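Source file: final-v3.txt (compact mmCIF, C-alpha atoms)
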```
# COMPACT_ATOMS: atom_id res chain seq x y z
CA MET A 1 0.00 0.00 0.00
CA LYS A 2 1.44 3.34 -1.10
CA ILE A 3 1.17 6.03 1.59
CA TYR A 4 3.13 8.84 0.00
CA LYS A 5 3.08 10.16 -3.56
CA SER A 6 6.86 9.93 -3.96
CA GLU A 7 10.03 8.97 -2.11
CA LYS A 8 10.88 12.67 -1.88
CA ALA A 9 7.54 13.44 -0.23
CA GLU A 10 8.00 10.58 2.24
CA LYS A 11 11.49 11.78 3.18
CA GLU A 12 10.38 15.39 3.67
CA ILE A 13 7.32 14.44 5.71
CA LYS A 14 9.26 12.12 8.00
CA GLU A 15 11.95 14.76 8.57
CA SER A 16 9.25 17.33 9.35
CA TYR A 17 7.52 14.79 11.63
CA ALA A 18 10.69 14.47 13.73
CA LYS A 19 10.94 18.25 14.09
CA LEU A 20 7.36 18.45 15.35
CA ILE A 21 7.94 15.69 17.89
CA ALA A 22 10.91 17.68 19.19
CA ALA A 23 8.60 20.69 19.47
CA TRP A 24 6.38 18.74 21.89
CA ASP A 25 9.01 19.59 24.49
CA THR A 26 8.49 16.37 26.43
CA PRO A 27 10.40 13.06 26.24
CA VAL A 28 8.85 10.70 23.67
CA SER A 29 9.60 7.05 22.95
CA SER A 30 8.84 5.67 19.50
CA ILE A 31 7.55 2.08 19.37
CA TYR A 32 6.30 -0.14 16.55
CA VAL A 33 3.58 -2.73 17.06
CA ASP A 34 3.10 -5.54 14.53
CA GLY A 35 -0.40 -6.83 13.81
CA ARG A 36 -2.57 -8.46 11.17
CA TYR A 37 -2.91 -5.20 9.22
CA GLY A 38 0.75 -4.16 9.32
CA THR A 39 2.93 -2.18 11.72
CA THR A 40 1.43 0.60 13.84
CA HIS A 41 3.68 3.36 15.13
CA VAL A 42 2.95 4.79 18.58
CA ASN A 43 4.51 7.78 20.35
CA VAL A 44 4.68 6.92 24.05
CA PHE A 45 5.19 9.71 26.59
CA GLY A 46 4.14 11.02 29.97
CA ASN A 47 3.99 9.70 33.51
CA GLU A 48 4.37 5.90 33.51
CA LYS A 49 2.56 5.69 36.85
CA ALA A 50 -0.45 7.63 35.56
CA PRO A 51 -3.53 6.18 33.82
CA PRO A 52 -3.13 5.21 30.14
CA LEU A 53 -4.53 7.60 27.53
CA VAL A 54 -4.70 6.49 23.89
CA LEU A 55 -4.85 9.31 21.34
CA PHE A 56 -6.04 9.20 17.70
CA HIS A 57 -5.53 11.89 15.07
CA GLY A 58 -7.72 12.73 12.07
CA VAL A 59 -7.62 11.92 8.36
CA GLY A 60 -4.79 13.52 6.43
CA ASP A 61 -2.71 14.41 9.47
CA ASP A 62 -0.59 12.47 11.95
CA ALA A 63 0.19 12.24 15.64
CA ALA A 64 3.12 14.67 15.43
CA LEU A 65 0.94 17.48 14.07
CA MET A 66 -2.19 16.65 16.02
CA TRP A 67 -0.79 16.84 19.56
CA VAL A 68 1.93 19.48 19.18
CA TYR A 69 0.09 21.93 21.48
CA ASN A 70 -1.27 19.31 23.89
CA ALA A 71 1.44 16.72 24.53
CA LYS A 72 3.46 18.57 27.16
CA GLU A 73 0.46 19.21 29.40
CA LEU A 74 -1.14 15.80 28.90
CA ALA A 75 2.20 14.18 29.79
CA LYS A 76 1.86 15.56 33.33
CA HIS A 77 -1.38 13.66 33.95
CA PHE A 78 -1.32 10.51 31.79
CA HIS A 79 0.83 7.80 30.31
CA CYS A 80 0.04 8.68 26.70
CA TYR A 81 0.00 6.59 23.53
CA ALA A 82 -0.34 8.84 20.47
CA VAL A 83 -1.06 6.50 17.56
CA ASP A 84 -0.29 7.04 13.88
CA THR A 85 -3.39 5.64 12.16
CA ILE A 86 -2.45 2.75 9.89
CA GLY A 87 -3.04 3.84 6.29
CA GLY A 88 -2.64 7.48 7.26
CA PRO A 89 0.43 9.71 7.13
CA GLY A 90 2.96 9.26 9.87
CA LEU A 91 5.20 6.31 10.64
CA SER A 92 2.78 3.36 10.55
CA THR A 93 3.18 0.89 7.69
CA PRO A 94 0.25 -1.10 6.25
CA GLY A 95 0.92 -4.76 5.50
CA ASN A 96 -0.64 -7.31 3.18
CA GLY A 97 -3.63 -7.66 5.50
CA TYR A 98 -4.57 -4.01 5.07
CA ASP A 99 -7.25 -4.34 2.41
CA SER A 100 -11.01 -3.94 1.96
CA SER A 101 -11.60 -6.31 4.90
CA PHE A 102 -9.90 -3.87 7.30
CA ASP A 103 -11.80 -3.31 10.55
CA ASP A 104 -10.98 -0.37 12.84
CA THR A 105 -12.24 -2.13 15.95
CA ILE A 106 -10.11 -5.23 15.37
CA TRP A 107 -7.07 -3.04 14.65
CA ILE A 108 -7.49 -1.00 17.86
CA GLU A 109 -8.25 -4.00 20.06
CA GLU A 110 -5.23 -5.89 18.76
CA LEU A 111 -3.11 -2.79 19.33
CA LEU A 112 -4.28 -2.47 22.95
CA ASP A 113 -3.65 -6.19 23.51
CA ASN A 114 -0.10 -5.92 22.16
CA LEU A 115 0.53 -2.84 24.31
CA LYS A 116 -0.82 -4.77 27.33
CA LEU A 117 -3.48 -2.15 28.00
CA PRO A 118 -6.65 -3.93 29.22
CA LYS A 119 -8.58 -0.70 29.85
CA VAL A 120 -7.77 2.88 28.86
CA TYR A 121 -8.94 6.44 28.58
CA MET A 122 -9.30 7.32 24.91
CA ALA A 123 -9.47 10.58 22.96
CA GLY A 124 -9.43 11.58 19.32
CA VAL A 125 -9.90 14.48 16.92
CA SER A 126 -12.10 14.45 13.80
CA ASN A 127 -11.74 10.91 12.38
CA GLY A 128 -9.94 10.11 15.63
CA ALA A 129 -13.16 11.10 17.40
CA TYR A 130 -15.03 8.62 15.23
CA LEU A 131 -12.49 5.90 16.07
CA THR A 132 -12.91 6.67 19.78
CA GLN A 133 -16.70 6.56 19.89
CA SER A 134 -16.91 3.59 17.53
CA PHE A 135 -14.54 1.57 19.68
CA MET A 136 -16.37 2.64 22.85
CA MET A 137 -19.66 1.37 21.42
CA GLU A 138 -18.26 -1.91 20.12
CA ARG A 139 -15.84 -2.66 22.99
CA PRO A 140 -17.28 -0.80 26.01
CA ASP A 141 -15.30 -2.93 28.46
CA ARG A 142 -11.97 -1.61 27.10
CA VAL A 143 -12.56 2.14 27.57
CA ILE A 144 -13.04 3.90 30.92
CA LYS A 145 -14.15 7.20 29.38
CA GLY A 146 -13.71 8.87 26.02
CA ILE A 147 -13.33 12.36 24.60
CA CYS A 148 -14.25 13.28 21.04
CA MET A 149 -12.96 16.57 19.60
CA ALA A 150 -14.14 18.14 16.34
CA GLY A 151 -16.30 15.12 15.64
CA ALA A 152 -20.03 14.39 15.52
CA LEU A 153 -21.97 11.12 15.74
CA PRO A 154 -22.20 8.37 13.09
CA VAL A 155 -25.99 8.10 13.01
CA PHE A 156 -27.34 4.98 11.30
CA GLY A 157 -28.98 5.73 7.97
CA LYS A 158 -27.76 9.34 7.78
CA LYS A 159 -25.04 10.52 5.42
CA GLY A 160 -23.15 13.77 5.62
CA SER A 161 -23.58 16.25 2.81
CA MET A 162 -20.70 15.53 0.44
CA LEU A 163 -21.45 18.74 -1.43
CA ALA A 164 -21.02 20.76 1.76
CA ILE A 165 -17.79 18.94 2.55
CA PHE A 166 -16.45 19.61 -0.95
CA LYS A 167 -17.25 23.29 -0.50
CA ILE A 168 -15.09 23.37 2.61
CA PHE A 169 -12.02 21.80 1.02
CA LEU A 170 -12.29 22.87 -2.62
CA PRO A 171 -10.70 24.36 -4.58
CA GLU A 172 -7.84 25.02 -2.13
CA ALA A 173 -7.08 21.34 -1.48
CA LEU A 174 -6.62 20.71 -5.20
CA PHE A 175 -4.00 23.44 -5.53
CA PRO A 176 -2.14 23.56 -2.20
CA THR A 177 0.02 26.64 -2.71
CA ASP A 178 1.02 28.58 0.39
CA LYS A 179 -1.81 31.03 -0.29
CA ASN A 180 -4.41 28.31 -0.74
CA VAL A 181 -3.27 26.38 2.33
CA VAL A 182 -3.74 29.55 4.40
CA LYS A 183 -7.20 30.05 2.86
CA LEU A 184 -8.19 26.47 3.72
CA ILE A 185 -6.93 26.83 7.29
CA LYS A 186 -9.02 29.99 7.66
CA LYS A 187 -12.07 28.08 6.39
CA LEU A 188 -11.56 25.36 8.98
CA CYS A 189 -10.68 27.54 11.96
CA GLY A 190 -11.86 30.47 14.02
CA SER A 191 -9.91 33.68 14.60
CA LYS A 192 -6.96 31.83 16.18
CA TYR A 193 -5.96 30.20 12.88
CA ARG A 194 -2.48 31.69 13.29
CA VAL A 195 -1.49 28.74 15.52
CA PHE A 196 -1.25 26.96 12.15
CA THR A 197 -0.10 29.72 9.81
CA GLU A 198 2.47 31.49 11.98
CA ASN A 199 4.18 28.41 13.42
CA TYR A 200 6.70 27.55 10.71
CA GLU A 201 7.09 23.86 11.57
CA VAL A 202 3.32 23.35 11.90
CA PHE A 203 2.51 25.14 8.63
CA THR A 204 5.30 23.38 6.74
CA HIS A 205 4.16 19.96 7.92
CA PHE A 206 0.51 20.72 7.18
CA LYS A 207 1.39 21.72 3.61
CA LEU A 208 3.70 18.72 3.11
CA LEU A 209 0.86 16.39 4.10
CA MET A 210 -1.50 18.11 1.68
CA THR A 211 0.94 17.77 -1.19
CA GLY A 212 2.66 14.48 -0.39
CA PHE A 213 0.18 12.12 1.30
CA ASP A 214 -1.82 9.79 -0.94
CA ARG A 215 -5.35 9.93 0.52
CA LYS A 216 -6.34 6.74 -1.29
CA ALA A 217 -4.37 4.90 1.41
CA MET A 218 -7.21 5.68 3.87
CA MET A 219 -9.97 4.19 1.69
CA ASN A 220 -10.02 0.95 3.68
CA HIS A 221 -11.21 2.89 6.73
CA LYS A 222 -15.00 2.90 6.47
CA VAL A 223 -17.31 4.95 8.67
CA LYS A 224 -20.12 2.83 10.09
CA GLY A 225 -23.50 4.17 11.06
CA PHE A 226 -24.68 3.09 14.52
CA ASP A 227 -28.27 2.69 15.64
CA THR A 228 -29.68 5.16 18.09
CA GLU A 229 -29.77 2.82 21.09
CA LEU A 230 -26.08 2.08 20.76
CA ILE A 231 -25.23 5.76 20.41
CA LYS A 232 -27.15 6.51 23.62
CA THR A 233 -24.66 4.35 25.55
CA LEU A 234 -22.06 7.10 24.99
CA LYS A 235 -23.95 9.78 26.89
CA ASP A 236 -22.56 9.15 30.36
CA ARG A 237 -19.11 7.99 29.24
CA CYS A 238 -18.08 10.43 26.52
CA LEU A 239 -17.38 14.16 26.35
CA PHE A 240 -17.51 16.05 23.06
CA ILE A 241 -15.31 19.13 22.71
CA GLU A 242 -16.39 21.25 19.75
CA GLY A 243 -15.48 24.59 18.23
CA GLU A 244 -18.42 26.93 17.65
CA LYS A 245 -16.90 27.91 14.28
CA ASP A 246 -16.24 24.35 13.10
CA PRO A 247 -17.76 24.15 9.57
CA PHE A 248 -18.53 20.47 10.08
CA MET A 249 -20.83 21.39 12.94
CA THR A 250 -22.85 23.66 10.65
CA ILE A 251 -23.58 20.87 8.15
CA GLY A 252 -25.44 18.77 10.69
CA GLY A 253 -22.97 17.79 13.40
CA LYS A 254 -24.26 20.25 16.00
CA LYS A 255 -27.88 19.21 15.50
CA VAL A 256 -27.10 15.51 15.93
CA LEU A 257 -25.22 16.14 19.18
CA LYS A 258 -28.15 18.18 20.44
CA ASP A 259 -30.71 15.58 19.35
CA PHE A 260 -28.92 12.91 21.39
CA ASN A 261 -28.40 15.30 24.33
CA MET A 262 -24.68 14.54 24.42
CA ASN A 263 -22.29 16.04 26.94
CA VAL A 264 -20.61 18.84 24.96
CA VAL A 265 -18.12 21.58 25.78
CA TRP A 266 -18.47 24.34 23.16
CA ILE A 267 -15.38 26.49 22.64
CA ASN A 268 -16.17 29.98 21.43
CA ASP A 269 -14.47 31.17 18.22
CA ALA A 270 -12.67 27.85 17.63
CA GLY A 271 -13.07 25.66 14.58
CA HIS A 272 -12.10 22.20 13.37
CA GLY A 273 -8.59 22.60 14.82
CA VAL A 274 -10.08 23.10 18.28
CA ASN A 275 -7.28 21.38 20.21
CA HIS A 276 -4.74 23.61 18.45
CA GLU A 277 -6.75 26.82 18.50
CA ALA A 278 -7.78 26.52 22.16
CA ALA A 279 -5.09 24.22 23.52
CA ASN A 280 -5.22 25.43 27.12
CA GLU A 281 -9.01 25.08 27.34
CA VAL A 282 -8.93 21.66 25.70
CA ASN A 283 -6.08 20.40 27.88
CA PHE A 284 -8.01 21.48 30.98
CA ALA A 285 -11.24 19.87 29.74
CA ILE A 286 -9.46 16.57 29.06
CA THR A 287 -7.75 16.35 32.44
CA ASN A 288 -10.87 17.54 34.26
CA TYR A 289 -13.23 15.05 32.58
CA PHE A 290 -10.87 12.16 33.13
CA GLY A 291 -10.44 13.22 36.76
CA GLN A 292 -6.71 13.79 36.64
```
What would the structure in this file look like if it were written as structure tokens?
Amino acid sequence: MKIYKSEKAEKEIKESYAKLIAAWDTPVSSIYVDGRYGTTHVNVFGNEKAPPLVLFHGVGDDAALMWVYNAKELAKHFHCYAVDTIGGPGLSTPGNGYDSSFDDTIWIEELLDNLKLPKVYMAGVSNGAYLTQSFMMERPDRVIKGICMAGALPVFGKKGSMLAIFKIFLPEALFPTDKNVVKLIKKLCGSKYRVFTENYEVFTHFKLLMTGFDRKAMMNHKVKGFDTELIKTLKDRCLFIEGEKDPFMTIGGKKVLKDFNMNVVWINDAGHGVNHEAANEVNFAITNYFGQ
């Protein structure tokens, strides 16, 4: 499975990845876990005596970019495992088993087993939020509590508006010049978009992923719709952290969360990059909800 569009792109992205990990400003160990779908890379950091927290990033980004403004604070309260989604950018490598039969739940459960983590706290952003809530619904005994950031609910029988999604990303994503990348970031974020555009390492990595990652590698990840009774099981075990300016909330995400009366923290003037744009508020909400 080809993850990057060229060897040059892969080299540049991995070099940029290392620079972002250094910017976390906390000691990080890099481990590789073999499984039926390939090799999953995990950044391990934080207090080894603290509760385990497994972290998932979104589509089209990686752990290094996702947690750059959160890792140092989370490390004080948790023993963290920031996963590079297999099939996504980052340092994980899909194997022969990574095909149309791929199952997120099996992948995550096998990963937790290999890491010897019987029960964990879990958090994710965007697609990582989907992975978190999906796993919580299908394997409730493995997750103590979960937090979903910049992510709605996968309601059975309802599909997101692809036209609305295309309007968010196009045409900038097709022509990722510096100017267009800035325009896209502004579309996705609130007024604090400069945490992306004025941090050189963050902006460089974001652009490299847009130009060098082959998004077809994520096609084996399929979003399932869950029936309403199963979704209701999340209410007392899951916190949603959402930006008021997140464009994905305006195309139906906010209404679904309200319909199911989910526990939501709304962050004013933040968008889809909520954990970057409002890092201090998000870090506090995570540690507070998990009781650490």
**Message:** Please determine, counting all atoms listed in the file, which residue among A:Gly225, A:Gly291, A:Gly190, A:Gly58 has the shortest atom-to-atom distance to Glu277 of chain A.
**Reply:**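 Of the candidates, the smallest distance to Glu277 of chain A is held by A:Gly190.
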**Message:** Please list as a ChimeraX atom specification every residue within 8 Å of segment 141-145 of chain A, counting all atoms listed in the file and excluding residues in the same chain fewer than 5 positions away.
**Reply:** /A:118-122,136,237-238,290
With the cut-off set at 12 Å and counting only C-alpha atoms, tabulate each residue of segment 217-245 of chain A with an atom at most that distance from an atom of segment 60-83 of chain A, showing the nearest atom pair and its distance in Å to one decimal, ordered by chain and increasing number, as JSON lines.
```
{"residue": "A:Ala217", "atom": "CA", "partner": "A:Gly60", "partner_atom": "CA", "distance": 10.0}
{"residue": "A:Met218", "atom": "CA", "partner": "A:Gly60", "partner_atom": "CA", "distance": 8.6}
{"residue": "A:Met219", "atom": "CA", "partner": "A:Gly60", "partner_atom": "CA", "distance": 11.7}
```
**Request:** Record the distance separating atom CA of Pro94 of chain A and atom CA of Val125 of chain A, expressed in Å with one decimal.
**Result:** 21.4 Å
**Message:** What's the separation between atom CA of Ala129 of chain A and atom CA of Leu208 of chain A, in Å to one decimal place?
**Reply:**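 Atom-to-atom, atom CA of Ala129 of chain A to atom CA of Leu208 of chain A, that is 23.4 Å.
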**Item:** From A:Val264, A:Ile86, A:Ile106, A:Val195, residue lying nearest Gly38 of chain A [all atoms listed in the file]
**Value:**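 Smallest distance to Gly38 of chain A is found for A:Ile86.
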